[in-house]
Amino acid sequence: MLLECPQTPPTPPGPHRVIALVAPDQELYPVTSAAAVFGYHGPDITQHYSFSLCAERPGSLTTTLGVPVQVDSGLEALDDADTVVIEGWTVTPSPAVLHAVSRAHARGARIVAVCAGIFIPAALGLLDGRRASVHWELSGELAARHPRVIPDDTVIYVDHGDVATAGASAATLDLCLHQVLQEHGAAHAMRIGRQLAAGPHREGCQRQYPPLPTTGPMPDSLAPLLEWLLSRLPDQITVEDMAAYSGVSSRTLTRQFTEQLGVPPARWLLERRLAATRALLEETDLPVETIATRVGLSSAVNLRRRFHTALNTTPAAYRRSFR
């Protein structure tokens, strides 16, 4: 008689390791933004990530806030990173830093570069022939030092999968939430965003900053209108309705959206409806027809068409992947 040996169940994978590479005179905002997204969110939100810091020279690092930050890990920490977030550097990174980041990328780690951090993947050739989001103050320097990179100083971030760039430090939150959305779904990303009281997640195509008008006052903030739109997502709202709510013409409203957000109002509203669709597909068993009504896409046929155009998949296939 053959005796079967009991099989040991596989060890569940540990959290995705996010390590931020920081430097002297570090700006704290992008560090705290990344930590807020990838850090601990309490027992009610599944912990998929761990977050820590490393530096070329560990110890007490100066910051732009005037208070030091204690960093205990050196570049060897990148050997175990799943994502490397480069949150502040110079235009001429040291050979040691370049070697450590190159090894991490070759091993399969994702590289996320914010603001001046872009000069590290650029120096490694990881952005050659690729479009990259760069802060408008750094676009000239990047073009001069790394002419094979295609700089874009208008959008808030660009993600190529293995390498992602954010031009401004204020886009760190958006880019990190974008990674969570890609890896764990819209519902999980929205749950983290709600806990942080963050505004609606901005897509990478949205602008870094509003251009200053040559004459007249700056346009009023769009925040009240955006909040109104989110509260009335199931309703059939036209651009004319948005303009009437804001007290401006449709042409003026479209110009303000394009200048401040980089997309026209109808596109912005559609992206919010698709985000809500993804969350409902992930967290409920509601039929597609019901979801279409709840998010303002009117019918299952319209929802499927819009969904496939945006994500190149069907609602049913998406639900199977994320449920």
# chains A, B, ... in the order shown; residues from 1 in each chain; ligands from 1
call {"tool": "select_by_dssp", "arguments": {"residues": "segment 68-209 of chain A", "states": "helix (DSSP H, G or I)", "output": "MDAnalysis selection string"}}
result
chainID A and resid 75:80 95:106 115:123 139:145 169:184 186:195
call {"tool": "atom_distance", "arguments": {"atom1": "atom CA of Glu183 of chain A", "atom2": "atom CA of Glu56 of chain A"}}
result
28.9 Å
call {"tool": "residues_around", "arguments": {"residues": "segment 174-178 of chain A", "least_positions_apart": "4", "cutoff": "9 Å", "atoms": "only C-alpha atoms", "output": "PyMOL selection string"}}
result
chain A and resi 33-34+37-38+112+156-159+164-166+170+182-183+186+189-190+192-193+201-204
call {"tool": "closest_residue", "arguments": {"among": "A:Tyr245, A:Tyr318, A:Phe119, A:Tyr40", "to": "Ala143 of chain A", "atoms": "only C-alpha atoms"}}
result
A:Phe119
call {"tool": "residues_around", "arguments": {"residues": "Val22 of chain A", "least_positions_apart": "5", "cutoff": "10 Å", "atoms": "only C-alpha atoms", "output": "PyMOL selection string"}}
result
chain A and resi 27-28+31+53-58+61+63+69+71+85-89+117
call {"tool": "closest_residue", "arguments": {"among": "A:Pro93, A:Gly262, A:Gly247, A:Gly185", "to": "Ala123 of chain A", "atoms": "only C-alpha atoms"}}
result
A:Pro93
call {"tool": "select_by_dssp", "arguments": {"residues": "segment 47-184 of chain A", "states": "strand (DSSP E)", "output": "PyMOL selection string"}}
result
chain A and resi 49-55+59-61+69-71+83-86+110-114+131-133+150-152+157-159+163-166
call {"tool": "closest_residue", "arguments": {"among": "A:Pro234, A:Gly129, A:Pro15, A:Pro30", "to": "Thr172 of chain A", "atoms": "only C-alpha atoms"}}
result
A:Pro30
call {"tool": "residues_around", "arguments": {"residues": "segment 291-302 of chain A", "least_positions_apart": "3", "cutoff": "6 Å", "atoms": "only C-alpha atoms", "output": "PDB file with C-alpha atoms, in the first residue's frame"}}
result
ATOM      1  CA  LEU A 233     -23.214  60.536 -11.740  1.00  0.00           C
ATOM      2  CA  PRO A 234     -26.395  58.574 -12.709  1.00  0.00           C
ATOM      3  CA  ASP A 235     -27.978  61.649 -14.305  1.00  0.00           C
ATOM      4  CA  ARG A 273     -18.203  56.852 -14.912  1.00  0.00           C
ATOM      5  CA  VAL A 288     -24.281  45.218 -16.346  1.00  0.00           C
ATOM      6  CA  ARG A 305     -18.871  49.728 -25.966  1.00  0.00           C
TER       7      ARG A 305
END
